$ cat final_20.pdb   # PDB, C-alpha atoms and all ligand atoms
ATOM      1  CA  MET A 733     -73.199  26.898 -39.642
ATOM      2  CA  ARG A 734     -74.885  28.989 -42.342
ATOM      3  CA  ARG A 735     -73.482  32.498 -42.000
ATOM      4  CA  ALA A 736     -74.525  35.454 -44.149
ATOM      5  CA  LEU A 737     -73.416  39.041 -44.491
ATOM      6  CA  PHE A 738     -75.998  41.810 -44.927
ATOM      7  CA  PRO A 739     -73.897  44.743 -46.139
ATOM      8  CA  GLY A 740     -75.035  48.310 -46.592
ATOM      9  CA  SER A 741     -74.587  51.947 -45.735
ATOM     10  CA  PHE A 742     -77.466  51.914 -43.210
ATOM     11  CA  ASP A 743     -77.374  55.717 -43.054
ATOM     12  CA  PRO A 744     -79.800  55.376 -41.400
ATOM     13  CA  LEU A 745     -81.325  51.960 -40.739
ATOM     14  CA  THR A 746     -84.872  51.872 -42.152
ATOM     15  CA  ASN A 747     -87.845  49.608 -41.605
ATOM     16  CA  GLY A 748     -87.089  48.277 -45.083
ATOM     17  CA  HIS A 749     -83.710  47.030 -43.819
ATOM     18  CA  LEU A 750     -85.397  45.504 -40.773
ATOM     19  CA  ASP A 751     -87.908  43.783 -43.031
ATOM     20  CA  ILE A 752     -85.089  42.178 -45.026
ATOM     21  CA  ILE A 753     -83.311  41.134 -41.809
ATOM     22  CA  LYS A 754     -86.518  39.500 -40.502
ATOM     23  CA  ARG A 755     -87.041  37.652 -43.783
ATOM     24  CA  SER A 756     -83.441  36.377 -43.671
ATOM     25  CA  LEU A 757     -83.673  34.968 -40.146
ATOM     26  CA  PRO A 758     -85.106  31.523 -41.016
ATOM     27  CA  LEU A 759     -82.515  31.055 -43.763
ATOM     28  CA  PHE A 760     -79.314  31.468 -41.761
ATOM     29  CA  ASP A 761     -77.775  30.554 -38.404
ATOM     30  CA  GLU A 762     -75.905  33.829 -38.183
ATOM     31  CA  ILE A 763     -76.289  37.153 -39.966
ATOM     32  CA  ILE A 764     -73.659  39.860 -39.768
ATOM     33  CA  ILE A 765     -75.081  43.290 -40.476
ATOM     34  CA  ALA A 766     -72.071  44.961 -42.018
ATOM     35  CA  VAL A 767     -71.942  48.753 -42.071
ATOM     36  CA  LEU A 768     -69.765  50.189 -44.822
ATOM     37  CA  ASN A 769     -67.262  52.826 -43.821
ATOM     38  CA  ASN A 770     -67.093  54.918 -46.979
ATOM     39  CA  PRO A 771     -64.760  57.913 -46.559
ATOM     40  CA  GLU A 772     -65.936  59.327 -49.897
ATOM     41  CA  LYS A 773     -69.443  59.977 -48.596
ATOM     42  CA  GLU A 774     -70.534  62.573 -46.038
ATOM     43  CA  PRO A 775     -72.944  60.551 -43.899
ATOM     44  CA  MET A 776     -75.719  61.748 -41.598
ATOM     45  CA  PHE A 777     -74.476  59.318 -38.926
ATOM     46  CA  SER A 778     -70.908  58.173 -38.361
ATOM     47  CA  VAL A 779     -70.159  54.465 -38.736
ATOM     48  CA  GLU A 780     -69.998  54.212 -34.931
ATOM     49  CA  GLU A 781     -73.405  55.898 -34.583
ATOM     50  CA  ARG A 782     -74.935  53.651 -37.263
ATOM     51  CA  CYS A 783     -73.582  50.496 -35.590
ATOM     52  CA  ALA A 784     -74.811  51.718 -32.191
ATOM     53  CA  ILE A 785     -78.304  52.424 -33.573
ATOM     54  CA  ILE A 786     -78.528  48.955 -35.157
ATOM     55  CA  LYS A 787     -77.326  47.319 -31.934
ATOM     56  CA  GLU A 788     -79.989  49.185 -29.973
ATOM     57  CA  VAL A 789     -82.779  48.281 -32.396
ATOM     58  CA  LEU A 790     -81.913  44.586 -32.875
ATOM     59  CA  PRO A 791     -83.071  43.364 -29.445
ATOM     60  CA  ASP A 792     -86.632  44.207 -30.590
ATOM     61  CA  VAL A 793     -86.295  41.704 -33.444
ATOM     62  CA  LYS A 794     -87.534  38.211 -32.608
ATOM     63  CA  ASN A 795     -84.532  36.412 -34.034
ATOM     64  CA  GLY A 796     -85.365  32.830 -33.042
ATOM     65  CA  ASP A 797     -82.344  30.585 -33.528
ATOM     66  CA  CYS A 798     -80.500  33.038 -35.757
ATOM     67  CA  CYS A 799     -77.666  35.006 -34.195
ATOM     68  CA  LEU A 800     -77.532  38.658 -35.267
ATOM     69  CA  ARG A 801     -74.252  40.552 -35.167
ATOM     70  CA  VAL A 802     -73.209  44.046 -36.172
ATOM     71  CA  ASP A 803     -69.835  44.947 -37.631
ATOM     72  CA  SER A 804     -68.309  47.649 -39.800
ATOM     73  CA  PHE A 805     -65.944  47.333 -42.709
ATOM     74  CA  SER A 806     -63.954  49.257 -45.296
ATOM     75  CA  GLY A 807     -63.032  48.043 -48.753
ATOM     76  CA  LEU A 808     -64.686  45.263 -50.692
ATOM     77  CA  THR A 809     -67.858  43.603 -49.439
ATOM     78  CA  ALA A 810     -66.891  40.297 -51.069
ATOM     79  CA  ASP A 811     -63.545  40.235 -49.258
ATOM     80  CA  PHE A 812     -65.125  41.114 -45.933
ATOM     81  CA  ALA A 813     -67.711  38.352 -46.447
ATOM     82  CA  ALA A 814     -64.911  35.863 -47.147
ATOM     83  CA  GLU A 815     -62.900  37.060 -44.148
ATOM     84  CA  LYS A 816     -65.963  36.462 -41.943
ATOM     85  CA  GLY A 817     -66.593  33.012 -43.416
ATOM     86  CA  ALA A 818     -69.970  34.000 -44.845
ATOM     87  CA  ALA A 819     -71.544  31.680 -47.399
ATOM     88  CA  ALA A 820     -73.904  34.355 -48.668
ATOM     89  CA  ILE A 821     -74.373  38.071 -49.139
ATOM     90  CA  ILE A 822     -77.935  39.239 -48.531
ATOM     91  CA  ARG A 823     -79.377  42.096 -50.558
ATOM     92  CA  GLY A 824     -82.899  43.441 -50.602
ATOM     93  CA  ILE A 825     -84.730  44.258 -53.822
ATOM     94  CA  ARG A 826     -87.505  46.834 -53.477
ATOM     95  CA  ALA A 827     -88.581  47.194 -57.070
ATOM     96  CA  VAL A 828     -87.415  46.316 -60.549
ATOM     97  CA  GLY A 829     -85.301  49.477 -60.597
ATOM     98  CA  ASP A 830     -82.952  47.973 -58.013
ATOM     99  CA  TYR A 831     -82.393  44.835 -59.993
ATOM    100  CA  GLU A 832     -79.903  45.970 -62.624
ATOM    101  CA  TYR A 833     -77.493  47.525 -60.133
ATOM    102  CA  GLU A 834     -77.856  44.608 -57.729
ATOM    103  CA  LEU A 835     -77.317  42.087 -60.517
ATOM    104  CA  ARG A 836     -74.096  43.793 -61.623
ATOM    105  CA  MET A 837     -72.906  43.955 -58.044
ATOM    106  CA  SER A 838     -73.653  40.263 -57.467
ATOM    107  CA  MET A 839     -71.776  39.306 -60.654
ATOM    108  CA  MET A 840     -68.752  41.331 -59.580
ATOM    109  CA  ASN A 841     -68.881  39.918 -56.061
ATOM    110  CA  ARG A 842     -69.035  36.403 -57.516
ATOM    111  CA  ARG A 843     -65.986  37.146 -59.645
ATOM    112  CA  LEU A 844     -64.130  38.385 -56.572
ATOM    113  CA  GLN A 845     -65.268  35.537 -54.302
ATOM    114  CA  PRO A 846     -66.714  32.662 -56.388
ATOM    115  CA  GLU A 847     -67.683  30.633 -53.324
ATOM    116  CA  ILE A 848     -70.038  33.292 -51.967
ATOM    117  CA  GLU A 849     -73.605  33.468 -53.264
ATOM    118  CA  THR A 850     -75.740  36.598 -53.299
ATOM    119  CA  VAL A 851     -79.223  35.996 -51.961
ATOM    120  CA  PHE A 852     -81.856  38.514 -53.060
ATOM    121  CA  LEU A 853     -84.914  38.989 -50.913
ATOM    122  CA  THR A 854     -87.848  41.129 -51.907
ATOM    123  CA  ALA A 855     -88.966  43.795 -49.475
ATOM    124  CA  ALA A 856     -92.525  44.130 -48.203
ATOM    125  CA  GLU A 857     -94.651  46.287 -50.507
ATOM    126  CA  GLU A 858     -95.126  48.965 -47.852
ATOM    127  CA  TYR A 859     -91.384  49.596 -47.873
ATOM    128  CA  SER A 860     -90.895  49.332 -51.620
ATOM    129  CA  PHE A 861     -90.224  53.085 -51.873
ATOM    130  CA  VAL A 862     -88.182  53.410 -48.677
ATOM    131  CA  SER A 863     -84.484  54.205 -48.969
ATOM    132  CA  SER A 864     -82.082  55.755 -46.489
ATOM    133  CA  SER A 865     -81.390  58.647 -48.858
ATOM    134  CA  LEU A 866     -85.109  59.424 -49.281
ATOM    135  CA  MET A 867     -85.596  59.282 -45.509
ATOM    136  CA  LYS A 868     -82.728  61.739 -44.986
ATOM    137  CA  GLN A 869     -83.969  64.114 -47.678
ATOM    138  CA  VAL A 870     -87.560  64.162 -46.410
ATOM    139  CA  PHE A 871     -86.484  64.560 -42.781
ATOM    140  CA  GLU A 872     -84.018  67.338 -43.551
ATOM    141  CA  LEU A 873     -86.780  69.229 -45.356
ATOM    142  CA  GLY A 874     -89.095  68.913 -42.353
ATOM    143  CA  GLY A 875     -91.188  65.934 -43.487
ATOM    144  CA  ARG A 876     -92.305  63.004 -41.346
ATOM    145  CA  VAL A 877     -90.670  59.615 -41.653
ATOM    146  CA  SER A 878     -92.640  57.866 -38.869
ATOM    147  CA  GLY A 879     -93.436  54.260 -39.618
ATOM    148  CA  LEU A 880     -90.693  54.095 -42.215
ATOM    149  CA  VAL A 881     -87.711  54.074 -39.860
ATOM    150  CA  PRO A 882     -87.489  52.616 -36.336
ATOM    151  CA  GLU A 883     -88.576  55.069 -33.606
ATOM    152  CA  LEU A 884     -85.034  55.185 -32.265
ATOM    153  CA  VAL A 885     -83.740  56.292 -35.664
ATOM    154  CA  GLU A 886     -86.308  59.083 -35.796
ATOM    155  CA  GLU A 887     -85.258  60.151 -32.291
ATOM    156  CA  ARG A 888     -81.588  60.218 -33.298
ATOM    157  CA  MET A 889     -82.424  62.163 -36.470
ATOM    158  CA  ARG A 890     -84.353  64.716 -34.409
ATOM    159  CA  ALA A 891     -81.429  65.013 -31.984
ATOM    160  CA  LYS A 892     -79.007  65.530 -34.900
ATOM    161  CA  PHE A 893     -81.069  68.408 -36.210
ATOM    162  CA  GLY A 894     -81.932  69.829 -32.755
ATOM    163  CA  ARG A 895     -85.661  69.251 -33.216
TER
HETATM  164  O1  LIG A 901     -76.911  50.303 -48.587
HETATM  165  P1  LIG A 901     -76.233  50.457 -49.916
HETATM  166  O2  LIG A 901     -75.599  51.807 -50.010
HETATM  167  O3  LIG A 901     -77.142  50.127 -51.054
HETATM  168  O4  LIG A 901     -75.057  49.371 -49.924
HETATM  169  C1  LIG A 901     -74.179  49.277 -51.010
HETATM  170  C2  LIG A 901     -72.959  48.415 -50.664
HETATM  171  C3  LIG A 901     -72.312  48.893 -49.379
HETATM  172  C4  LIG A 901     -73.403  46.986 -50.480
HETATM  173  C5  LIG A 901     -71.985  48.523 -51.862
HETATM  174  O5  LIG A 901     -71.749  49.853 -52.168
HETATM  175  C6  LIG A 901     -70.662  47.836 -51.558
HETATM  176  O6  LIG A 901     -70.581  46.639 -51.532
HETATM  177  N1  LIG A 901     -69.613  48.658 -51.294
HETATM  178  C7  LIG A 901     -68.322  48.182 -50.835
HETATM  179  C8  LIG A 901     -67.288  48.290 -51.942
HETATM  180  C9  LIG A 901     -67.455  47.143 -52.924
HETATM  181  O7  LIG A 901     -67.390  45.980 -52.569
HETATM  182  N2  LIG A 901     -67.632  47.513 -54.195
HETATM  183  C10 LIG A 901     -67.832  46.574 -55.262
HETATM  184  C11 LIG A 901     -69.236  46.039 -55.279
HETATM  185  S1  LIG A 901     -69.400  44.897 -56.581
END

$ encode --input "final_20.pdb" --output "structure tokens"
Amino acid sequence: MRRALFPGSFDPLTNGHLDIIKRSLPLFDEIIIAVLNNPEKEPMFSVEERCAIIKEVLPDVKNGDCCLRVDSFSGLTADFAAEKGAAAIIRGIRAVGDYEYELRMSMMNRRLQPEIETVFLTAAEEYSFVSSSLMKQVFELGGRVSGLVPELVEERMRAKFGR
């Protein structure tokens, strides 16, 4: 059983995240999408809301033989991956700017859990500029994020802001 953890803030889930999930499907038997509960950050959506959104969007993903799960965690990603018996941590790289941070994180995660590999996947070009924080900023300032986040996410963002 090849199990992987795809950790992130997912505040909110974007089409870039979905693209990385779809690219990971043929590589693993099971992928746990792991939503970080970070009490230091003021999120747009609570961890429960983020998990619920992902669970509602995932049935639209043609996952073939790969089982997709959603979970939340606090603390270290590497430890959560080990606790779940994951062999790999999946991270998406959008552009070269992501690489340095991701490389440092993968080195640290390897030090913490030497048995777990980080697998980097490159995002589709059309999502190379898409980040949750940019989506939130643009939406909050009245801009459109259609096509960059799942429709359900846009709906939930509109509901949050009473639009
Ligand atoms: O979606 P993000 O915000 O880019 O995800 C970053 C995340 C959650 C993967 C990273 O911040 C993380 O792993 N946080 C958990 C705490 C941790 O393990 N820190 C050490 C990383 S080497």

$ closest_residue --input "final_20.pdb" --among "A:Ser756, A:Ser878, A:Ser804, A:Thr809" --to "ligand LIG 901 (chain A)" --atoms "only C-alpha atoms and all ligand atoms"
A:Thr809

$ axis_aligned_box --input "final_20.pdb" --around "stretch 799-811 of chain A" --padding-each-side "3 Å" --output "AutoDock Vina command-line options"
--center_x -70.3 --center_y 42.1 --center_z -42.6 --size_x 20.6 --size_y 20.3 --size_z 22.9

$ resolve_selection --input "final_20.pdb" --expression "the PyMOL selection byres (((chain A and resi 779-793) around 8) and not hetatm)" --output "CSV table (one decimal) with C-alpha atoms, in the frame of the given file"
chain,number,residue,atom,x,y,z
A,742,PHE,CA,-77.5,51.9,-43.2
A,743,ASP,CA,-77.4,55.7,-43.1
A,744,PRO,CA,-79.8,55.4,-41.4
A,745,LEU,CA,-81.3,52.0,-40.7
A,754,LYS,CA,-86.5,39.5,-40.5
A,767,VAL,CA,-71.9,48.8,-42.1
A,768,LEU,CA,-69.8,50.2,-44.8
A,769,ASN,CA,-67.3,52.8,-43.8
A,777,PHE,CA,-74.5,59.3,-38.9
A,778,SER,CA,-70.9,58.2,-38.4
A,794,LYS,CA,-87.5,38.2,-32.6
A,795,ASN,CA,-84.5,36.4,-34.0
A,800,LEU,CA,-77.5,38.7,-35.3
A,802,VAL,CA,-73.2,44.0,-36.2
A,803,ASP,CA,-69.8,44.9,-37.6
A,804,SER,CA,-68.3,47.6,-39.8
A,882,PRO,CA,-87.5,52.6,-36.3
A,884,LEU,CA,-85.0,55.2,-32.3
A,885,VAL,CA,-83.7,56.3,-35.7

$ residues_near_ligand --input "final_20.pdb" --ligand "ligand LIG 901 (chain A)" --cutoff "12 Å" --atoms "all atoms listed in the file" --output "VMD selection string"
chain A and resid 737 to 746 748 to 749 765 to 773 775 782 804 to 814 821 to 826 830 to 831 833 to 845 850 862 to 865

$ resolve_selection --input "final_20.pdb" --expression "the PyMOL selection byres (((chain A and resi 890-893) around 10) and not hetatm)" --output "JSON, numbers by chain"
{"A": [776, 777, 871, 872, 884, 885, 886, 887, 888, 889, 894, 895]}

$ closest_residue --input "final_20.pdb" --among "A:Ile763, A:Val881, A:Leu873, A:Cys799" --to "A:Ala819" --atoms "only C-alpha atoms"
A:Ile763

$ closest_residue --input "final_20.pdb" --among "A:Glu849, A:Leu866, A:Ser860, A:Met733" --to "A:Gly829" --atoms "all atoms listed in the file"
A:Ser860

$ atom_distance --input "final_20.pdb" --atom1 "atom CA of A:Gly874" --atom2 "atom CA of A:Asp751"
25.2 Å

$ atom_distance --input "final_20.pdb" --atom1 "atom CA of A:Val877" --atom2 "atom CA of A:Asn747"
10.4 Å

$ closest_residue --input "final_20.pdb" --among "A:Ala827, A:Ile764, A:Leu880, A:Ala818" --to "A:Leu853" --atoms "only C-alpha atoms"
A:Ala827

$ atom_distance --input "final_20.pdb" --atom1 "atom CA of A:Gly879" --atom2 "atom CA of A:Ala856"
13.3 Å
